[in-house]
file start18.cif (mmCIF, C-alpha atoms and all ligand atoms)
data_protein
loop_
_atom_site.label_atom_id
_atom_site.label_comp_id
_atom_site.auth_asym_id
_atom_site.auth_seq_id
_atom_site.Cartn_x
_atom_site.Cartn_y
_atom_site.Cartn_z
CA MET A 184 71.77 63.25 87.13
CA GLY A 185 74.16 61.70 84.58
CA VAL A 186 77.86 62.15 83.89
CA GLU A 187 77.10 64.88 81.35
CA ARG A 188 75.70 67.10 84.11
CA THR A 189 78.26 66.24 86.82
CA ILE A 190 81.23 68.43 87.70
CA VAL A 191 83.92 67.53 90.24
CA ILE A 192 85.62 70.35 92.16
CA ALA A 193 88.82 69.71 94.12
CA GLY A 194 89.07 72.06 97.12
CA ALA A 195 86.36 73.55 99.33
CA GLY A 196 88.08 76.85 100.07
CA ILE A 197 86.38 80.14 99.22
CA GLY A 198 86.72 79.56 95.46
CA GLY A 199 85.61 75.90 95.43
CA LEU A 200 82.58 76.49 97.65
CA THR A 201 81.46 79.48 95.58
CA ALA A 202 81.95 77.54 92.33
CA ALA A 203 79.87 74.66 93.71
CA LEU A 204 77.01 77.10 94.27
CA THR A 205 77.30 78.92 90.95
CA LEU A 206 77.51 75.63 89.01
CA ALA A 207 74.63 74.06 90.93
CA GLY A 208 72.72 77.24 90.08
CA LYS A 209 73.17 76.34 86.39
CA GLY A 210 71.66 72.90 86.98
CA PHE A 211 74.84 70.84 87.41
CA ARG A 212 75.36 68.12 89.98
CA VAL A 213 78.55 68.97 91.85
CA VAL A 214 80.88 66.65 93.75
CA LEU A 215 83.06 68.84 95.97
CA LEU A 216 86.17 67.08 97.33
CA GLU A 217 88.04 68.61 100.28
CA LYS A 218 91.15 67.07 101.77
CA ALA A 219 90.55 68.52 105.25
CA GLU A 220 88.44 66.36 107.58
CA ARG A 221 86.67 69.49 108.84
CA LEU A 222 86.28 73.04 107.57
CA GLU A 223 88.04 74.49 110.56
CA GLU A 224 88.57 77.98 111.82
CA VAL A 225 91.97 78.47 110.22
CA GLY A 226 93.10 81.78 108.81
CA ALA A 227 92.06 85.26 109.77
CA GLY A 228 90.59 88.28 108.05
CA LEU A 229 89.52 88.67 104.43
CA GLN A 230 88.33 91.75 102.55
CA ILE A 231 85.47 91.28 100.10
CA SER A 232 84.86 94.26 97.83
CA PRO A 233 81.64 94.88 95.80
CA ASN A 234 83.00 93.08 92.71
CA ALA A 235 82.79 89.88 94.79
CA SER A 236 80.14 90.74 97.41
CA HIS A 237 77.50 91.14 94.68
CA ILE A 238 78.10 87.50 93.63
CA LEU A 239 77.72 86.27 97.21
CA ALA A 240 74.59 88.40 97.60
CA LYS A 241 73.09 86.90 94.43
CA LEU A 242 73.80 83.45 95.84
CA GLY A 243 71.49 84.35 98.74
CA LEU A 244 74.22 84.99 101.31
CA ARG A 245 73.63 88.68 101.94
CA SER A 246 71.89 88.43 105.31
CA ALA A 247 74.14 85.61 106.60
CA LEU A 248 77.22 87.68 105.75
CA ASP A 249 75.80 91.00 106.94
CA ALA A 250 75.44 89.28 110.33
CA VAL A 251 79.14 88.38 110.62
CA ALA A 252 80.90 90.98 108.45
CA LEU A 253 81.46 94.67 108.97
CA ALA A 254 81.30 97.30 106.25
CA PRO A 255 84.15 99.73 107.07
CA GLU A 256 83.62 103.39 106.28
CA ALA A 257 87.03 103.96 104.73
CA VAL A 258 90.61 102.86 104.23
CA SER A 259 93.04 105.00 106.22
CA MET A 260 96.63 105.19 105.02
CA LEU A 261 98.92 106.06 107.92
CA SER A 262 102.56 106.95 108.27
CA ALA A 263 104.41 104.19 110.14
CA ARG A 264 106.85 106.67 111.69
CA THR A 265 104.39 109.29 112.97
CA GLY A 266 101.06 107.47 112.96
CA ASP A 267 99.58 110.47 111.07
CA THR A 268 96.83 109.91 108.53
CA LEU A 269 98.14 110.41 104.98
CA ALA A 270 94.80 109.82 103.26
CA ARG A 271 91.35 108.55 104.21
CA LEU A 272 89.54 106.92 101.30
CA LYS A 273 85.82 106.52 101.83
CA PHE A 274 83.73 103.56 100.68
CA GLY A 275 80.00 103.54 100.31
CA ALA A 276 77.23 105.28 98.45
CA GLU A 277 78.11 108.71 99.83
CA ALA A 278 81.56 108.51 98.24
CA GLN A 279 80.63 106.27 95.27
CA PRO A 280 77.02 106.04 94.05
CA ARG A 281 77.95 102.81 92.21
CA ASP A 282 78.49 101.00 95.53
CA ASP A 283 75.23 99.12 95.49
CA TYR A 284 76.92 96.19 97.25
CA PRO A 285 79.00 96.28 100.43
CA TYR A 286 82.71 96.27 100.99
CA TRP A 287 82.94 93.66 103.75
CA VAL A 288 85.71 92.75 106.18
CA LEU A 289 85.24 89.42 107.90
CA HIS A 290 86.90 86.31 109.27
CA ARG A 291 87.76 83.78 106.57
CA ALA A 292 86.16 81.07 108.74
CA ASP A 293 82.85 83.01 108.85
CA LEU A 294 82.77 83.31 105.06
CA GLN A 295 83.70 79.65 104.64
CA ALA A 296 81.01 78.61 107.16
CA ALA A 297 78.30 80.68 105.41
CA LEU A 298 79.22 79.23 102.02
CA ALA A 299 79.45 75.70 103.43
CA ALA A 300 75.99 75.97 105.05
CA GLN A 301 74.51 76.97 101.68
CA VAL A 302 76.43 74.15 99.96
CA ARG A 303 75.21 71.55 102.48
CA ALA A 304 71.62 72.71 102.01
CA HIS A 305 71.80 72.37 98.21
CA PRO A 306 70.41 69.05 97.00
CA ALA A 307 72.63 68.98 93.89
CA ILE A 308 75.96 69.38 95.76
CA GLU A 309 77.79 66.59 97.58
CA LEU A 310 80.46 68.00 99.88
CA GLN A 311 82.90 65.18 100.69
CA LEU A 312 85.34 66.02 103.49
CA GLY A 313 88.53 64.07 104.10
CA ARG A 314 88.79 63.33 100.35
CA ARG A 315 92.03 64.35 98.67
CA PHE A 316 92.16 64.78 94.88
CA ASP A 317 94.66 62.24 93.59
CA GLU A 318 94.62 62.02 89.80
CA VAL A 319 92.64 62.82 86.68
CA SER A 320 92.52 61.23 83.23
CA SER A 321 90.37 62.00 80.21
CA CYS A 322 87.61 59.81 78.79
CA ASP A 323 84.93 60.16 76.10
CA ASP A 324 82.48 61.66 78.59
CA GLY A 325 85.00 64.13 80.00
CA VAL A 326 87.18 63.10 82.94
CA ILE A 327 87.76 60.31 85.43
CA VAL A 328 88.78 61.78 88.78
CA VAL A 329 90.32 59.66 91.53
CA ASP A 330 90.34 60.79 95.15
CA ARG A 331 91.67 59.24 98.32
CA GLY A 332 90.62 59.23 101.96
CA GLY A 333 92.95 57.15 104.09
CA PHE A 334 93.46 53.83 102.25
CA ASP A 335 90.22 54.17 100.36
CA ARG A 336 90.22 55.28 96.70
CA CYS A 337 87.14 56.55 94.91
CA GLN A 338 86.52 57.21 91.21
CA HIS A 339 84.13 59.74 89.65
CA THR A 340 83.30 60.12 85.96
CA ALA A 341 82.29 63.69 85.19
CA LEU A 342 81.93 66.28 82.47
CA ALA A 343 84.74 68.40 83.95
CA LEU A 344 87.14 68.80 86.86
CA ILE A 345 87.78 72.18 88.48
CA GLY A 346 91.02 72.50 90.45
CA ALA A 347 90.17 74.94 93.26
CA ASP A 348 92.77 73.41 95.54
CA GLY A 349 94.79 76.51 96.39
CA ILE A 350 98.31 77.73 95.72
CA TRP A 351 99.83 74.25 96.26
CA SER A 352 97.29 72.75 93.83
CA ALA A 353 97.63 69.02 93.17
CA VAL A 354 95.45 69.39 90.05
CA ARG A 355 97.85 71.99 88.63
CA GLN A 356 100.83 69.85 89.62
CA GLN A 357 99.45 66.98 87.54
CA LEU A 358 98.48 69.08 84.52
CA PHE A 359 101.17 71.74 84.42
CA PRO A 360 104.07 70.58 86.63
CA GLN A 361 106.29 73.33 85.26
CA ALA A 362 104.03 76.03 86.81
CA GLN A 363 105.30 76.36 90.38
CA PRO A 364 104.54 79.00 93.04
CA ARG A 365 107.38 81.45 93.58
CA PHE A 366 108.42 82.87 96.96
CA SER A 367 108.06 86.67 96.98
CA GLY A 368 110.64 87.35 99.71
CA LEU A 369 107.82 88.58 101.96
CA ILE A 370 106.26 87.03 105.03
CA ALA A 371 102.83 87.82 106.49
CA TRP A 372 102.42 87.66 110.26
CA ARG A 373 98.88 87.64 111.50
CA SER A 374 96.98 87.67 114.71
CA THR A 375 93.58 88.69 115.96
CA ILE A 376 93.07 90.81 119.06
CA ASP A 377 90.09 90.87 121.41
CA ALA A 378 88.78 94.42 120.77
CA ALA A 379 87.86 94.73 124.47
CA ARG A 380 91.58 94.57 125.32
CA LEU A 381 92.46 97.56 123.13
CA PRO A 382 92.50 101.18 124.30
CA ALA A 383 89.76 103.25 122.62
CA ASP A 384 92.22 105.22 120.47
CA LEU A 385 93.44 101.98 118.86
CA ILE A 386 89.97 100.90 117.77
CA SER A 387 88.66 101.99 114.38
CA LYS A 388 85.96 100.98 111.94
CA ASP A 389 88.32 101.75 109.07
CA VAL A 390 90.70 99.41 107.33
CA ARG A 391 94.03 100.90 108.49
CA LEU A 392 97.35 100.59 106.70
CA TRP A 393 100.60 101.79 108.28
CA LEU A 394 103.21 102.25 105.55
CA GLY A 395 106.81 101.69 106.66
CA GLU A 396 110.24 100.92 105.26
CA ASN A 397 110.14 97.47 103.66
CA ALA A 398 107.16 96.60 105.84
CA HIS A 399 103.53 97.51 106.43
CA ILE A 400 100.69 96.67 108.79
CA VAL A 401 97.01 96.18 107.93
CA ALA A 402 94.35 96.13 110.65
CA TYR A 403 90.57 95.97 110.54
CA PRO A 404 87.67 94.76 112.68
CA ILE A 405 86.26 91.26 112.15
CA SER A 406 83.73 88.99 113.90
CA GLY A 407 81.19 91.81 114.05
CA GLY A 408 83.77 94.15 115.62
CA ARG A 409 84.57 91.88 118.57
CA ARG A 410 88.08 91.21 117.28
CA VAL A 411 90.65 93.15 115.29
CA ASN A 412 92.53 91.37 112.52
CA ILE A 413 96.14 92.44 112.20
CA VAL A 414 98.55 91.45 109.46
CA ALA A 415 102.15 92.64 109.45
CA ILE A 416 104.15 92.16 106.26
CA VAL A 417 107.94 92.00 106.44
CA ALA A 418 110.77 90.96 104.16
CA GLY A 419 112.58 87.71 105.00
CA SER A 420 113.87 84.39 103.79
CA TRP A 421 111.69 81.97 105.80
CA ASN A 422 109.63 80.31 103.06
CA ARG A 423 107.83 77.18 104.21
CA PRO A 424 104.45 76.41 102.58
CA GLY A 425 101.32 76.62 104.74
CA TRP A 426 99.05 79.20 106.35
CA SER A 427 99.55 78.81 110.06
CA ALA A 428 103.13 78.35 111.28
CA PRO A 429 103.49 79.66 114.85
CA GLY A 430 105.42 82.94 115.10
CA ASP A 431 107.52 84.23 118.00
CA PRO A 432 106.01 87.55 119.28
CA SER A 433 109.45 88.91 120.24
CA GLU A 434 110.64 88.43 116.64
CA ILE A 435 107.75 90.46 115.22
CA MET A 436 108.07 93.15 117.93
CA ALA A 437 111.76 93.54 117.02
CA GLN A 438 110.83 94.08 113.36
CA PHE A 439 108.59 97.01 114.27
CA ALA A 440 111.05 98.97 116.42
CA GLU A 441 111.28 102.70 117.15
CA PRO A 442 111.91 105.20 115.62
CA LEU A 443 110.66 103.75 112.32
CA TRP A 444 107.38 102.67 113.91
CA SER A 445 105.09 104.97 115.88
CA ALA A 446 103.87 104.19 119.39
CA SER A 447 100.32 103.41 118.17
CA ALA A 448 101.47 100.83 115.60
CA ARG A 449 103.81 99.25 118.15
CA GLN A 450 101.08 99.18 120.78
CA LEU A 451 98.77 97.34 118.39
CA ILE A 452 101.48 94.78 117.64
CA GLY A 453 102.17 94.46 121.37
CA CYS A 454 98.50 93.70 122.18
CA ALA A 455 98.37 90.79 119.76
CA ASP A 456 99.24 87.26 120.76
CA GLY A 457 99.05 83.85 119.10
CA TRP A 458 100.98 85.11 116.08
CA ARG A 459 100.90 82.93 112.97
CA ARG A 460 102.90 83.52 109.87
CA TRP A 461 102.83 82.46 106.27
CA ALA A 462 105.34 82.98 103.50
CA LEU A 463 103.83 84.81 100.52
CA PHE A 464 104.03 82.72 97.36
CA THR A 465 102.59 83.76 94.01
CA MET A 466 101.86 82.25 90.62
CA ALA A 467 103.17 83.93 87.47
CA ASP A 468 100.67 86.07 85.56
CA GLY A 469 98.90 84.36 82.67
CA GLY A 470 100.03 80.77 82.26
CA VAL A 471 97.74 77.95 81.20
CA TRP A 472 94.56 77.53 83.21
CA SER A 473 92.78 74.77 81.33
CA GLN A 474 93.51 71.57 79.48
CA GLY A 475 90.66 69.60 77.91
CA SER A 476 87.93 69.19 80.52
CA VAL A 477 90.03 70.41 83.44
CA ALA A 478 90.41 74.03 84.58
CA LEU A 479 92.00 75.83 87.51
CA LEU A 480 90.30 78.47 89.65
CA GLY A 481 91.37 80.86 92.41
CA ASP A 482 94.81 80.59 93.99
CA ALA A 483 95.52 77.38 92.04
CA SER A 484 95.72 79.45 88.85
CA HIS A 485 96.65 82.93 90.11
CA GLY A 486 97.80 82.96 93.74
CA MET A 487 98.76 86.62 94.23
CA LEU A 488 100.19 89.03 96.77
CA PRO A 489 97.47 90.20 99.17
CA PHE A 490 98.20 93.93 98.62
CA ALA A 491 95.13 94.62 96.49
CA ALA A 492 93.01 92.55 98.94
CA GLN A 493 91.66 90.55 96.01
CA GLY A 494 92.78 86.93 96.55
CA ALA A 495 89.34 85.76 97.66
CA GLY A 496 87.57 88.29 95.42
CA MET A 497 89.20 86.99 92.25
CA ALA A 498 88.37 83.37 93.21
CA ILE A 499 84.72 84.38 93.71
CA GLU A 500 84.66 86.22 90.36
CA ASP A 501 86.22 83.14 88.69
CA ALA A 502 83.39 81.01 90.06
CA ALA A 503 80.73 83.29 88.55
CA VAL A 504 82.38 83.47 85.11
CA LEU A 505 83.09 79.72 85.07
CA ALA A 506 79.40 78.93 85.63
CA SER A 507 78.31 81.37 82.88
CA CYS A 508 80.74 79.74 80.44
CA LEU A 509 79.57 76.19 81.28
CA ASP A 510 75.88 77.11 81.24
CA GLY A 511 73.99 74.64 79.02
CA VAL A 512 77.09 72.56 78.17
CA SER A 513 76.55 68.79 78.19
CA ASN A 514 79.37 67.17 76.23
CA ALA A 515 83.12 66.94 76.69
CA ASP A 516 84.09 68.90 73.55
CA HIS A 517 81.87 71.82 74.47
CA ALA A 518 83.08 71.68 78.05
CA ALA A 519 86.71 71.97 76.89
CA GLN A 520 85.78 74.99 74.72
CA ALA A 521 83.83 76.56 77.59
CA LEU A 522 86.81 76.16 79.95
CA GLN A 523 89.15 77.77 77.42
CA ARG A 524 86.73 80.65 77.09
CA TYR A 525 86.59 80.99 80.89
CA ALA A 526 90.40 81.28 81.02
CA ARG A 527 90.43 83.79 78.13
CA LEU A 528 87.81 85.95 79.82
CA ARG A 529 89.48 85.91 83.22
CA GLN A 530 93.16 86.25 82.46
CA PRO A 531 93.41 89.92 81.42
CA ARG A 532 91.55 91.17 84.48
CA VAL A 533 93.27 88.84 86.94
CA GLY A 534 96.67 89.71 85.44
CA ARG A 535 95.94 93.40 85.96
CA VAL A 536 94.96 92.77 89.58
CA GLN A 537 98.14 90.71 90.15
CA ALA A 538 100.21 93.58 88.76
CA THR A 539 98.32 96.10 90.92
CA ALA A 540 98.99 94.03 94.04
CA ARG A 541 102.73 93.94 93.23
CA ARG A 542 102.78 97.68 92.56
CA ASN A 543 100.88 98.46 95.78
CA GLY A 544 103.42 96.39 97.73
CA ALA A 545 106.32 98.31 96.18
CA ILE A 546 104.63 101.65 96.99
CA TYR A 547 103.76 100.63 100.56
CA HIS A 548 107.38 99.61 101.28
CA LEU A 549 109.22 102.64 99.84
CA HIS A 550 111.90 104.32 101.94
CA GLY A 551 113.96 107.49 101.96
CA PRO A 552 113.01 110.38 99.62
CA MET A 553 110.70 108.14 97.60
CA ALA A 554 108.63 107.45 100.72
CA LEU A 555 108.43 111.19 101.43
CA ALA A 556 107.27 111.83 97.87
CA ARG A 557 104.65 109.06 98.22
CA ASP A 558 103.35 110.57 101.46
CA VAL A 559 103.01 114.03 99.87
CA ALA A 560 101.23 112.54 96.85
CA MET A 561 98.82 110.63 99.10
CA ARG A 562 97.97 113.74 101.09
CA LEU A 563 97.33 115.66 97.85
CA LEU A 564 95.34 113.00 96.06
CA GLY A 565 93.22 111.92 99.05
CA GLN A 566 89.88 110.47 97.96
CA ARG A 567 91.00 110.52 94.32
CA LEU A 568 93.15 107.49 95.16
CA MET A 569 89.92 105.55 95.60
CA ALA A 570 88.89 106.40 92.03
CA ARG A 571 91.93 104.43 90.88
CA GLN A 572 90.45 101.28 92.45
CA ARG A 573 87.05 101.61 90.78
CA TRP A 574 87.94 99.32 87.87
CA ILE A 575 88.38 96.57 90.47
CA TYR A 576 85.32 97.30 92.59
CA ASP A 577 82.87 98.19 89.80
CA TRP A 578 83.14 94.85 87.97
CA ARG A 579 79.83 92.92 87.87
CA SER A 580 79.13 89.38 86.64
CA GLU A 581 76.83 88.97 83.65
CA ASP A 582 74.14 87.11 85.53
C1 LIG A 601 93.69 77.32 105.80
C2 LIG A 601 93.75 78.60 105.01
C3 LIG A 601 93.85 79.82 105.69
C4 LIG A 601 93.92 81.02 104.99
N1 LIG A 601 94.01 82.20 105.67
C5 LIG A 601 94.03 83.37 105.01
C6 LIG A 601 94.06 84.63 105.71
O1 LIG A 601 94.08 84.67 106.92
N2 LIG A 601 94.08 85.79 104.99
C7 LIG A 601 94.09 85.76 103.61
O2 LIG A 601 94.11 86.82 102.98
N3 LIG A 601 94.05 84.59 102.92
C8 LIG A 601 94.00 83.40 103.59
N4 LIG A 601 93.95 82.23 102.91
C9 LIG A 601 93.95 82.29 101.44
C10 LIG A 601 92.66 82.74 100.86
O3 LIG A 601 91.59 81.98 101.42
C11 LIG A 601 92.77 82.52 99.36
O4 LIG A 601 93.83 83.33 98.86
C12 LIG A 601 91.53 82.95 98.59
O5 LIG A 601 90.37 82.82 99.37
C13 LIG A 601 91.38 82.11 97.32
O6 LIG A 601 90.87 80.87 97.74
P1 LIG A 601 90.97 79.51 96.97
O7 LIG A 601 89.63 78.84 97.18
O8 LIG A 601 91.46 79.65 95.60
O9 LIG A 601 92.09 78.69 97.76
P2 LIG A 601 92.17 78.26 99.27
O10 LIG A 601 91.41 79.18 100.15
O11 LIG A 601 93.60 78.03 99.57
O12 LIG A 601 91.40 76.84 99.31
C14 LIG A 601 91.92 75.65 98.75
C15 LIG A 601 91.22 74.47 99.37
O13 LIG A 601 91.64 73.29 98.68
C16 LIG A 601 91.89 72.26 99.64
N5 LIG A 601 92.82 71.32 99.01
C17 LIG A 601 94.15 71.49 98.77
N6 LIG A 601 94.65 70.40 98.15
C18 LIG A 601 93.61 69.54 97.96
C19 LIG A 601 93.48 68.26 97.35
N7 LIG A 601 94.53 67.61 96.79
N8 LIG A 601 92.26 67.67 97.34
C20 LIG A 601 91.18 68.29 97.90
N9 LIG A 601 91.25 69.49 98.50
C21 LIG A 601 92.44 70.11 98.51
C22 LIG A 601 92.46 73.04 100.83
O14 LIG A 601 92.36 72.29 102.02
C23 LIG A 601 91.57 74.28 100.84
O15 LIG A 601 90.39 74.07 101.57
C24 LIG A 601 93.89 81.01 103.56
C25 LIG A 601 93.79 79.78 102.88
C26 LIG A 601 93.71 78.58 103.59
C27 LIG A 601 93.58 77.25 102.85
#

call {"tool": "encode", "arguments": {"input": "start18.cif", "output": "structure tokens"}}
result
Amino acid sequence: MGVERTIVIAGAGIGGLTAALTLAGKGFRVVLLEKAERLEEVGAGLQISPNASHILAKLGLRSALDAVALAPEAVSMLSARTGDTLARLKFGAEAQPRDDYPYWVLHRADLQAALAAQVRAHPAIELQLGRRFDEVSSCDDGVIVVDRGGFDRCQHTALALIGADGIWSAVRQQLFPQAQPRFSGLIAWRSTIDAARLPADLISKDVRLWLGENAHIVAYPISGGRRVNIVAIVAGSWNRPGWSAPGDPSEIMAQFAEPLWSASARQLIGCADGWRRWALFTMADGGVWSQGSVALLGDASHGMLPFAAQGAGMAIEDAAVLASCLDGVSNADHAAQALQRYARLRQPRVGRVQATARRNGAIYHLHGPMALARDVAMRLLGQRLMARQRWIYDWRSED
């Protein structure tokens, strides 16, 4: 296949792998560059709601993901102080007839492995590991992309470059150096727990959220229920980039002390070991996502707080819309127009999700009388709180 049907993607995370599949599905040859030597088991749980699971299902991943993911019955909002349930919001057809696709919880590594297996099996996709995007320049045909692996440099001429290289994107750094991730003042601590080590009353098929003062905990089953993913969000000033800095268990235990935190929440924290932490950085809403034949996708363009559980979902949606916009395009001018259209189509929705994630975080971390008012409102609204999420979950791609 010639230059006019070749697209280079930098980054084989969830967004880059999905985009490789959606673009190959439109007849493009895809060169997928990933700086890591191996797609390792880094990271922990991800939530994939129907707005994204339907795209993965259409890519033929339904049975592979059903085998490793769980579909929780509900999200339970709990009081940090008492452990009481404030509201239980049901998923699924019984609660929402529109839920024709699952709400999955799963390990990031399982999703990445399922996508990578499909990518490796696709004859039009070349996954190149240990290749770091280095620079891009424009040419008559589109772009010249240079990547590096050790001392070796490689050059690709292509119709377009997609920067799916995460929140610390090198593609974005070259194109829009003024757009920098900002530290949110929040730190996520995460661990997974062997479910067999937990007492029965601490095991649940729900996604559980304990809402506390300036902190919250999210827990849900992953790896087919064999492990529980736990993420504890706290305020702080530690702000190093990266996903996997080791965390001291005594430090996290001290953050979740009595009487602000109930025995059950503290017991869950106490059962976890191997804590990792990452500082939460975000990109500003909007911004510029494309320039000529280069566009950004996923966290590279809109890294967001995880409090709407849509970081991976928005990257997957981006991949579907990007492929629709580029469908049938075979020259550089049209590619540049298609990439602008992709950004125009995506930005309003992604901006709304970014704002929702910020608002959710503020609500989760309320204290004093405002927290009491929130708890009363949650008890009163109950399942109706789920209706407020439908605009996120009910989105479907055009093809
Ligand atoms: C190692 C890791 C662990 C994570 N763990 C969690 C988690 O536990 N929970 C959670 O909610 N979110 C996690 N995330 C983030 C989550 O995956 C993303 O928010 C979401 O899936 C959007 O994905 P993305 O593809 O846009 O970016 P990412 O998932 O960040 O993927 C970007 C990819 O680009 C690669 N890359 C970066 N620079 C270059 C370069 N110059 N050249 C080539 N490749 C490059 C990276 O190695 C990575 O594979 C993690 C991300 C990573 C990279």

call {"tool": "residues_around", "arguments": {"input": "start18.cif", "residues": "Arg579 in chain A", "least_positions_apart": "4", "cutoff": "12 Å", "atoms": "only C-alpha atoms", "output": "PyMOL selection string"}}
result
chain A and resi 232-241+281-284+496-497+499-501+503-504+573-575

call {"tool": "residues_near_ligand", "arguments": {"input": "start18.cif", "ligand": "ligand LIG 601 (chain A)", "cutoff": "7 Å", "atoms": "all atoms listed in the file", "output": "PyMOL selection string"}}
result
chain A and resi 193-199+216-219+225-229+291+314-317+347-353+426+480-483+486+489+494-495+498

call {"tool": "write_last_selection", "arguments": {"input": "start18.cif", "atoms": "C-alpha atoms", "output": "PDB file, keeping the file's coordinate frame"}}
result
ATOM      1  CA  ALA A 193      88.820  69.710  94.120  1.00  0.00           C
ATOM      2  CA  GLY A 194      89.070  72.060  97.120  1.00  0.00           C
ATOM      3  CA  ALA A 195      86.360  73.550  99.330  1.00  0.00           C
ATOM      4  CA  GLY A 196      88.080  76.850 100.070  1.00  0.00           C
ATOM      5  CA  ILE A 197      86.380  80.140  99.220  1.00  0.00           C
ATOM      6  CA  GLY A 198      86.720  79.560  95.460  1.00  0.00           C
ATOM      7  CA  GLY A 199      85.610  75.900  95.430  1.00  0.00           C
ATOM      8  CA  LEU A 216      86.170  67.080  97.330  1.00  0.00           C
ATOM      9  CA  GLU A 217      88.040  68.610 100.280  1.00  0.00           C
ATOM     10  CA  LYS A 218      91.150  67.070 101.770  1.00  0.00           C
ATOM     11  CA  ALA A 219      90.550  68.520 105.250  1.00  0.00           C
ATOM     12  CA  VAL A 225      91.970  78.470 110.220  1.00  0.00           C
ATOM     13  CA  GLY A 226      93.100  81.780 108.810  1.00  0.00           C
ATOM     14  CA  ALA A 227      92.060  85.260 109.770  1.00  0.00           C
ATOM     15  CA  GLY A 228      90.590  88.280 108.050  1.00  0.00           C
ATOM     16  CA  LEU A 229      89.520  88.670 104.430  1.00  0.00           C
ATOM     17  CA  ARG A 291      87.760  83.780 106.570  1.00  0.00           C
ATOM     18  CA  ARG A 314      88.790  63.330 100.350  1.00  0.00           C
ATOM     19  CA  ARG A 315      92.030  64.350  98.670  1.00  0.00           C
ATOM     20  CA  PHE A 316      92.160  64.780  94.880  1.00  0.00           C
ATOM     21  CA  ASP A 317      94.660  62.240  93.590  1.00  0.00           C
ATOM     22  CA  ALA A 347      90.170  74.940  93.260  1.00  0.00           C
ATOM     23  CA  ASP A 348      92.770  73.410  95.540  1.00  0.00           C
ATOM     24  CA  GLY A 349      94.790  76.510  96.390  1.00  0.00           C
ATOM     25  CA  ILE A 350      98.310  77.730  95.720  1.00  0.00           C
ATOM     26  CA  TRP A 351      99.830  74.250  96.260  1.00  0.00           C
ATOM     27  CA  SER A 352      97.290  72.750  93.830  1.00  0.00           C
ATOM     28  CA  ALA A 353      97.630  69.020  93.170  1.00  0.00           C
ATOM     29  CA  TRP A 426      99.050  79.200 106.350  1.00  0.00           C
ATOM     30  CA  LEU A 480      90.300  78.470  89.650  1.00  0.00           C
ATOM     31  CA  GLY A 481      91.370  80.860  92.410  1.00  0.00           C
ATOM     32  CA  ASP A 482      94.810  80.590  93.990  1.00  0.00           C
ATOM     33  CA  ALA A 483      95.520  77.380  92.040  1.00  0.00           C
ATOM     34  CA  GLY A 486      97.800  82.960  93.740  1.00  0.00           C
ATOM     35  CA  PRO A 489      97.470  90.200  99.170  1.00  0.00           C
ATOM     36  CA  GLY A 494      92.780  86.930  96.550  1.00  0.00           C
ATOM     37  CA  ALA A 495      89.340  85.760  97.660  1.00  0.00           C
ATOM     38  CA  ALA A 498      88.370  83.370  93.210  1.00  0.00           C
TER      39      ALA A 498
END

call {"tool": "closest_residue", "arguments": {"input": "start18.cif", "among": "A:Ala383, A:Ala362, A:Ile376, A:Val329", "to": "Ser484 in chain A", "atoms": "all atoms listed in the file"}}
result
A:Ala362

call {"tool": "atom_distance", "arguments": {"input": "start18.cif", "atom1": "CA of Pro442 in chain A", "atom2": "CA of Val414 in chain A"}}
result
20.1 Å

call {"tool": "residues_around", "arguments": {"input": "start18.cif", "residues": "range 431-438 of chain A", "least_positions_apart": "3", "cutoff": "12 Å", "atoms": "only C-alpha atoms", "output": "PyMOL selection string"}}
result
chain A and resi 370-374+395-400+414-419+428+441-444+446+448-460

call {"tool": "residues_near_point", "arguments": {"input": "start18.cif", "point": "(73.2, 75.1, 98.2)", "cutoff": "12 Å", "atoms": "all atoms listed in the file", "output": "VMD selection string"}}
result
chain A and resid 200 to 213 215 242 to 244 297 to 310

call {"tool": "atom_distance", "arguments": {"input": "start18.cif", "atom1": "CA of Ala515 in chain A", "atom2": "CA of Leu479 in chain A"}}
result
16.6 Å

call {"tool": "closest_residue", "arguments": {"input": "start18.cif", "among": "A:Arg355, A:Gln361, A:Ala292, A:Arg409", "to": "Ala478 in chain A", "atoms": "only C-alpha atoms"}}
result
A:Arg355

call {"tool": "closest_residue", "arguments": {"input": "start18.cif", "among": "A:His485, A:Arg571, A:Arg188, A:Arg562", "to": "Gly469 in chain A", "atoms": "all atoms listed in the file"}}
result
A:His485

call {"tool": "atom_distance", "arguments": {"input": "start18.cif", "atom1": "CA of Leu344 in chain A", "atom2": "CA of Thr465 in chain A"}}
result
22.7 Å

call {"tool": "residues_around", "arguments": {"input": "start18.cif", "residues": "Val401 in chain A", "least_positions_apart": "2", "cutoff": "6 Å", "atoms": "only C-alpha atoms", "output": "VMD selection string"}}
result
chain A and resid 391 to 392 413 to 414

call {"tool": "closest_residue", "arguments": {"input": "start18.cif", "among": "A:Val411, A:Leu369, A:Leu555, A:Ala341", "to": "Ala263 in chain A", "atoms": "all atoms listed in the file"}}
result
A:Leu555

call {"tool": "closest_residue", "arguments": {"input": "start18.cif", "among": "A:Gly266, A:Arg535, A:Phe334, A:Leu248", "to": "Asp384 in chain A", "atoms": "only C-alpha atoms"}}
result
A:Gly266

call {"tool": "residues_around", "arguments": {"input": "start18.cif", "residues": "Ser262 in chain A", "least_positions_apart": "4", "cutoff": "8 Å", "atoms": "only C-alpha atoms", "output": "ChimeraX atom specification"}}
result
/A:266-269,393-395,558

call {"tool": "closest_residue", "arguments": {"input": "start18.cif", "among": "A:Leu528, A:Leu358, A:Val328, A:Ala492", "to": "Gln474 in chain A", "atoms": "only C-alpha atoms"}}
result
A:Leu358
